[in-house]
Amino acid sequence: MPRLNLDVGRWLDGMQRSPVPSEPMVTHSQRTPEKARKLRAFGEVDTELVPSLAMAAGRALLWSQTGIAAVAPISSSMRFRAKRLASSFPFLVCRCPSSLVSTSVRCYNRPQSEVVSGELKTSGKEENFVLTTPLYYVNAPPHMGSAYTTIAADAIARFQRLLGKRVVFITGTDEHGEKIAAAAEASGSSPSEHCDTISQSYKILWKELDISYDKFIRTTDQKHEAIVKEFYSRVLNNGDIYRADYEGLYCVNCEEYKCFYAYSKVYTLRLLADEKELLENNCCPMHLKPCVLRKEDNYFFALSKYQKALEDYISSNPDFVKPSFRLNEVQGWITNGLKDFSISRSTVEWGIPVPNDKTQTIYVWFDALLGYITALSEDSEQSNLQQAVNSGWPASLHLIGKDILRFHAVYWPAMLLSAGLSIPNMVFGHGFLTKDGMKMGKSLGNTLEPMDLVQKFGADAVRYFFLREVEFGNDGDYSEERFVNIVNAHLANTIGNLLNRTLGLLKKNCQSTLPYDSIFAVEGNSFKDSVSQLVEKAKYHYENLSLSSACECILEIGNVGNLYIDKNAPWSRFKQGGASSEMAAKDLVIILEAMRIIAAALSPVAPSLCFRIYSQLGFSKEQFEAVTWDDTRWGELKAGRVMAEAKPVFAKIENNQDRDKKGSPEEGKNKKILRQGLVEA
Ligand code: MSP
């Protein structure tokens with residue numbers, strides 16, 4: 001019987017390049033999540049059993065002359081690889097129904113003509129979800145404003161993964177230009193040393209915040225330069241780049257001319273941007289610092305040529321800019337008349353040289369926007385624009401702050417049209433985190449340190465607070481008091497306490513073992529319908545990027561659960577015995593199933609907390625990582641499941657008043673009441 005020992009990563013890589021092998025091949029991944037993610041996996045399988053394969057481990061891909069199949073649960077990166085494989089062969093890939101039981105083995109192996117109802121199909125762009133955050137300037141380490149976009153992006157990425165999409169979540173750092181060179185000089189280091197340090201501080205913060213990015217692009221990466229140059233040449237060949245002298249007022253913090261006049265062969269003098277955006281003394285309204293007068297001879301991008309194309313694009317794609325009130329803003333800019341902008345600098349050394357003109361470097365925005373495309377290319381591959389584009393472009397969603405909307409919703413689409421590339425599906429411009437009404441920012445120095453917040457309160461609290469409290473799209477102000485009140489009320493009380501007291505009662509009365517299937521326990525009970533409706537609503541809100549409303553719906557399941565348990569008082573029913581005791585046991589199963597559903601649905605927002613809930617319910621880490629949105633359906637908890645020892649999943653944060661009360665005789669009394677409450681009420 002032939003056997004195969006395979007390294008999945010190498011095997012899949014090889015498959016993409018080499019011709020179809022004649023032997024059937026089977027593989028399955030090693031089960032540790034870390035390893036699965038990196039695709040450092042192996043398999044040893046009896047190939048004669050293909051395709052009715054019996055396999056012990058959960059994640060698997062198999063290939064034979066007649067098809068490719070994936071065995072659930074399968075990681076998103078494996079799914080992606082499988083899909084790419086399938087697109088090069090005349091086969092279909094399908095995914096088996098998801099299951100938390102990793103030993104379940106269901107393989108499908110079908111010819112291309114068949115309609116496959118699984119989540120993985122070889123065609124259909126909707127299966128991909130390429131999501132980006134802005135590439136952050138490395139003039140200073142990240143602050144809470146930068147973290148905010150990334151937290152939101154992470155929640156969206158995690159939600160899309162739950163839906164079974166092949167997600168590529170891109171983030172990174174924007175490292176060229178005058179502002180970065182100045183910051184490096186001020187810190188006494190070379191630009192590249194400075195960029196290494198600050199870029200690393202972003203990576204460290206993302207780790208602390210549980211950010212599950214797939215690609216981290218630095219605009220100083222070697223592969224990026226080649227792609228920018230290639231793109232520039234395409235735009236040049238399309239006749240959209242010309243040279244002109246100009247002078248104007250420049251905001252270094254925005255890296256943008258706020259108003260300028262240009263002189264060229266085409267026209268002698270032309271105002272290219274409006275002065276009205278500036279405050280007194282030519283101050284930038286965002287950074288409150290005076291703009292500097294600059295006179296240069298640069299290359300320009302003929303944005304004005306794309307006026308009509310952009311108007312048409314936006315009117316036929318009204319969802320391109322979200323929220324809708326930002327679309328009005330974009331339409332306003334376009335109808336006011338698009339002005340060409342300069343895309344090179346003769347005075348800035350720290351940048352990518354303009355092809356065929358070593359005296360100029362490419363304007364930092366023209367360079368940075370392309371990072372979204374470079375990020376798609378594989379590190380191991382020779383960089384090439386078309387190959388990167390083929391790896392997933394266009395992006396499904398650019399998540400940005402409102403201050404950089406013009407670059408993403410006007411300049412960028414025009415640049416892409418010029419280079420013959422597709423425009424991303426959506427640009428979502430969120431609001432600002434403010435302090436005393438002013439945008440929190442590195443330049444104004446009124447920032448909130450995300451690392452301090454994480455260390456003090458934990459990643460779940462930080463993520464939950466900003467996503468729940470700030471209506472995504474609008475501005476939001478931070479106050480520590482509000483932070484503590486919200487996370488205590490929602491995470492510690494509504495969710496944590498409900499789980500804890502239910503598990504306490506189960507331990508006391510049922511030896512921590514579920515006496516019924518949750519489907520059976522809830523028969524004839526409208527509680528299940530309330531939960532299902534809230535889950536549906538949460539899904540709708542996630543899909544529409546209304547993250548706060550999604551959180552609200554999920555929390556409402558907790559509120560409904562608390563009301564239910566308080567009304568039915570299982571602790572009293574257990575004391576009555578007989579049928580009452582059975583009802584009480586069913587109530588506990590019902591609440592625990594609701595907790596499981598909360599954990600699945602809230603996992604995009606508070607992943608560690610939700611994992612803790614899952615593990616209290618007796619699931620392994622691997623099982624939690626295999627959860628999909630389908631698992632928000634009622635019915636996963638079965639009789640006989642043993643719960644873990646009850647531990648608070650979210651420790652209540654002490655607020656100032658609590659601290660003041662500490663040590664007082666009242667406090668001891670309150671603690672006792674609280675402890676009783678955990679188990680009894
Ligand atoms: N480097 C450019 C983006 C290039 S994308 C190809 C840039 N960088 S930035 O570091 O200044 O800002 C990055 C993002 O952080 C922007 O979306 C910006 O809106 C966001 N935020 C910065 N301060 C913010 C707040 N106070 N609140 C919310 N987001 C804010 O622009």
# chains A, B, ... in the order shown; residues from 1 in each chain; ligands from 1
>>> select_by_dssp(residues="segment 503-672 of chain A", states="alpha helix (DSSP H)", output="number ranges by chain")
A: 503-510, 518-521, 527-543, 547-568, 570-576, 578-602, 607-616, 621-625, 656-661, 665-672
>>> residues_near_ligand(ligand="ligand 1", cutoff="8 Å", atoms="only C-alpha atoms and all ligand atoms", output="MDAnalysis selection string")
chainID A and resid 133:138 142:149 173:175 253:254 365 367:372 399:404 408 429:434 439:442 447 475
>>> residues_around(residues="Val364 of chain A", least_positions_apart="5", cutoff="8 Å", atoms="only C-alpha atoms", output="PDB file with C-alpha atoms, in the first residue's frame")
ATOM      1  CA  HIS A 176       9.060  57.236   3.299  1.00  0.00           C
ATOM      2  CA  GLY A 177       8.872  60.990   2.921  1.00  0.00           C
ATOM      3  CA  GLU A 255       2.259  65.349   3.489  1.00  0.00           C
ATOM      4  CA  GLY A 351      11.879  57.841  -0.892  1.00  0.00           C
TER       5      GLY A 351
END
>>> closest_residue(among="A:Asn568, A:Ser443, A:Asn544, A:Asn139", to="Thr197 of chain A", atoms="only C-alpha atoms")
A:Asn139
>>> select_by_dssp(residues="segment 436-669 of chain A", states="strand (DSSP E or B)", output="ChimeraX atom specification")
/A:438-439,472,474,476-477,513,642
>>> write_last_selection(atoms="N, CA and C atoms", output="PDB file, in the first residue's frame")
ATOM      1  N   MET A 438     -10.765  67.541  20.197  1.00  0.00           N
ATOM      2  CA  MET A 438      -9.735  67.633  19.144  1.00  0.00           C
ATOM      3  C   MET A 438      -9.301  66.223  18.756  1.00  0.00           C
ATOM      4  N   LYS A 439      -9.015  66.033  17.467  1.00  0.00           N
ATOM      5  CA  LYS A 439      -8.523  64.736  17.006  1.00  0.00           C
ATOM      6  C   LYS A 439      -7.292  64.337  17.822  1.00  0.00           C
ATOM      7  N   PHE A 472     -19.476  53.319  14.702  1.00  0.00           N
ATOM      8  CA  PHE A 472     -18.430  53.249  13.676  1.00  0.00           C
ATOM      9  C   PHE A 472     -18.778  54.158  12.494  1.00  0.00           C
ATOM     10  N   ASN A 474     -18.609  57.616  13.149  1.00  0.00           N
ATOM     11  CA  ASN A 474     -18.659  58.917  13.830  1.00  0.00           C
ATOM     12  C   ASN A 474     -17.460  59.099  14.764  1.00  0.00           C
ATOM     13  N   GLY A 476     -15.699  59.844  18.489  1.00  0.00           N
ATOM     14  CA  GLY A 476     -16.029  59.387  19.847  1.00  0.00           C
ATOM     15  C   GLY A 476     -14.982  59.878  20.826  1.00  0.00           C
ATOM     16  N   ASP A 477     -15.431  60.301  21.979  1.00  0.00           N
ATOM     17  CA  ASP A 477     -14.513  60.819  22.995  1.00  0.00           C
ATOM     18  C   ASP A 477     -14.240  59.723  24.034  1.00  0.00           C
ATOM     19  N   THR A 513     -22.089  18.632  34.922  1.00  0.00           N
ATOM     20  CA  THR A 513     -22.336  17.883  33.682  1.00  0.00           C
ATOM     21  C   THR A 513     -23.717  18.247  33.132  1.00  0.00           C
ATOM     22  N   VAL A 642     -19.066  17.857  30.002  1.00  0.00           N
ATOM     23  CA  VAL A 642     -18.622  18.259  31.336  1.00  0.00           C
ATOM     24  C   VAL A 642     -18.024  19.663  31.257  1.00  0.00           C
TER      25      VAL A 642
END
>>> residues_around(residues="Arg573 of chain A", least_positions_apart="5", cutoff="6 Å", atoms="only C-alpha atoms", output="list in words")
Ser580, Ser581 and Ala584 of chain A
>>> residues_around(residues="Arg641 of chain A", least_positions_apart="4", cutoff="10 Å", atoms="only C-alpha atoms", output="list in words")
Ser512, Thr513, Leu514, Pro515, Tyr516, Asp517, Leu617, Gly618, Phe619 and Leu637 of chain A
>>> closest_residue(among="A:Leu555, A:Leu327, A:Ala244, A:Leu588", to="Gly496 of chain A", atoms="only C-alpha atoms")
A:Leu555
>>> residues_around(residues="segment 211-224 of chain A", least_positions_apart="4", cutoff="9 Å", atoms="only C-alpha atoms", output="NGL selection string")
:A and (135 or 150-151 or 153-155 or 157-158 or 167-176 or 192 or 195 or 199 or 203 or 205-207 or 228-229 or 351-352 or 367-368 or 370-377 or 379 or 381-384)
>>> closest_residue(among="A:Lys567, A:Lys179, A:His490, A:Arg463", to="Pro607 of chain A", atoms="only C-alpha atoms")
A:Arg463
>>> residues_around(residues="Ile597 of chain A", least_positions_apart="6", cutoff="9 Å", atoms="only C-alpha atoms", output="list in words")
Val531, Val535, Ile554, Ile557, Asp631, Thr632, Arg633 and Trp634 of chain A
>>> closest_atom_pairs(of="segment 407-526 of chain A", to="segment 301-314 of chain A", cutoff="12 Å", atoms="only C-alpha atoms", output="CSV")
residue,atom,partner,partner_atom,distance
A:Phe407,CA,A:Leu303,CA,11.5
A:Ala409,CA,A:Leu310,CA,9.3
A:Val410,CA,A:Leu310,CA,7.5
A:Tyr411,CA,A:Leu303,CA,7.1
A:Trp412,CA,A:Leu303,CA,9.8
A:Pro413,CA,A:Leu310,CA,7.6
A:Ala414,CA,A:Tyr306,CA,6.0
A:Met415,CA,A:Leu303,CA,7.8
A:Leu416,CA,A:Tyr306,CA,10.5
A:Leu417,CA,A:Tyr306,CA,8.2
A:Ser418,CA,A:Tyr306,CA,8.4
A:Ala419,CA,A:Phe301,CA,11.7
A:Ser422,CA,A:Tyr313,CA,11.3
A:Ile423,CA,A:Tyr313,CA,9.3
A:Pro424,CA,A:Tyr313,CA,11.4
A:Asn425,CA,A:Ile314,CA,11.0
A:Met426,CA,A:Ile314,CA,10.8
A:Val427,CA,A:Ile314,CA,11.7
>>> write_last_selection(atoms="N, CA and C atoms", output="PDB file, in the first residue's frame")
ATOM      1  N   PHE A 407      -7.600  60.879  -0.443  1.00  0.00           N
ATOM      2  CA  PHE A 407      -6.554  60.062  -1.068  1.00  0.00           C
ATOM      3  C   PHE A 407      -7.106  58.703  -1.528  1.00  0.00           C
ATOM      4  N   ALA A 409     -10.499  57.790  -1.897  1.00  0.00           N
ATOM      5  CA  ALA A 409     -11.736  57.736  -2.685  1.00  0.00           C
ATOM      6  C   ALA A 409     -11.660  58.579  -3.947  1.00  0.00           C
ATOM      7  N   VAL A 410     -10.595  59.371  -4.097  1.00  0.00           N
ATOM      8  CA  VAL A 410     -10.461  60.180  -5.315  1.00  0.00           C
ATOM      9  C   VAL A 410      -9.123  59.882  -6.021  1.00  0.00           C
ATOM     10  N   TYR A 411      -8.022  60.142  -5.323  1.00  0.00           N
ATOM     11  CA  TYR A 411      -6.704  59.969  -5.966  1.00  0.00           C
ATOM     12  C   TYR A 411      -6.468  58.506  -6.369  1.00  0.00           C
ATOM     13  N   TRP A 412      -6.691  57.627  -5.414  1.00  0.00           N
ATOM     14  CA  TRP A 412      -6.356  56.203  -5.595  1.00  0.00           C
ATOM     15  C   TRP A 412      -7.158  55.561  -6.731  1.00  0.00           C
ATOM     16  N   PRO A 413      -8.484  55.730  -6.768  1.00  0.00           N
ATOM     17  CA  PRO A 413      -9.209  55.137  -7.899  1.00  0.00           C
ATOM     18  C   PRO A 413      -8.737  55.675  -9.244  1.00  0.00           C
ATOM     19  N   ALA A 414      -8.413  56.959  -9.299  1.00  0.00           N
ATOM     20  CA  ALA A 414      -7.941  57.524 -10.573  1.00  0.00           C
ATOM     21  C   ALA A 414      -6.589  56.920 -10.952  1.00  0.00           C
ATOM     22  N   MET A 415      -5.717  56.764  -9.965  1.00  0.00           N
ATOM     23  CA  MET A 415      -4.412  56.148 -10.239  1.00  0.00           C
ATOM     24  C   MET A 415      -4.603  54.723 -10.769  1.00  0.00           C
ATOM     25  N   LEU A 416      -5.524  53.994 -10.150  1.00  0.00           N
ATOM     26  CA  LEU A 416      -5.758  52.606 -10.566  1.00  0.00           C
ATOM     27  C   LEU A 416      -6.325  52.553 -11.980  1.00  0.00           C
ATOM     28  N   LEU A 417      -7.252  53.459 -12.272  1.00  0.00           N
ATOM     29  CA  LEU A 417      -7.818  53.489 -13.627  1.00  0.00           C
ATOM     30  C   LEU A 417      -6.713  53.756 -14.638  1.00  0.00           C
ATOM     31  N   SER A 418      -5.843  54.683 -14.285  1.00  0.00           N
ATOM     32  CA  SER A 418      -4.748  55.032 -15.185  1.00  0.00           C
ATOM     33  C   SER A 418      -3.844  53.825 -15.465  1.00  0.00           C
ATOM     34  N   ALA A 419      -3.646  53.009 -14.427  1.00  0.00           N
ATOM     35  CA  ALA A 419      -2.765  51.842 -14.587  1.00  0.00           C
ATOM     36  C   ALA A 419      -3.530  50.617 -15.086  1.00  0.00           C
ATOM     37  N   SER A 422      -8.292  47.404 -11.257  1.00  0.00           N
ATOM     38  CA  SER A 422      -9.643  47.554 -10.696  1.00  0.00           C
ATOM     39  C   SER A 422      -9.641  48.432  -9.454  1.00  0.00           C
ATOM     40  N   ILE A 423     -10.788  49.045  -9.239  1.00  0.00           N
ATOM     41  CA  ILE A 423     -10.987  49.912  -8.072  1.00  0.00           C
ATOM     42  C   ILE A 423     -11.517  49.047  -6.924  1.00  0.00           C
ATOM     43  N   PRO A 424     -11.053  49.281  -5.702  1.00  0.00           N
ATOM     44  CA  PRO A 424     -11.565  48.483  -4.572  1.00  0.00           C
ATOM     45  C   PRO A 424     -13.079  48.612  -4.421  1.00  0.00           C
ATOM     46  N   ASN A 425     -13.664  47.630  -3.770  1.00  0.00           N
ATOM     47  CA  ASN A 425     -15.129  47.631  -3.639  1.00  0.00           C
ATOM     48  C   ASN A 425     -15.644  48.721  -2.723  1.00  0.00           C
ATOM     49  N   MET A 426     -14.926  48.960  -1.649  1.00  0.00           N
ATOM     50  CA  MET A 426     -15.460  49.923  -0.680  1.00  0.00           C
ATOM     51  C   MET A 426     -14.354  50.626   0.099  1.00  0.00           C
ATOM     52  N   VAL A 427     -14.604  51.916   0.361  1.00  0.00           N
ATOM     53  CA  VAL A 427     -13.728  52.669   1.264  1.00  0.00           C
ATOM     54  C   VAL A 427     -14.624  53.122   2.411  1.00  0.00           C
TER      55      VAL A 427
END
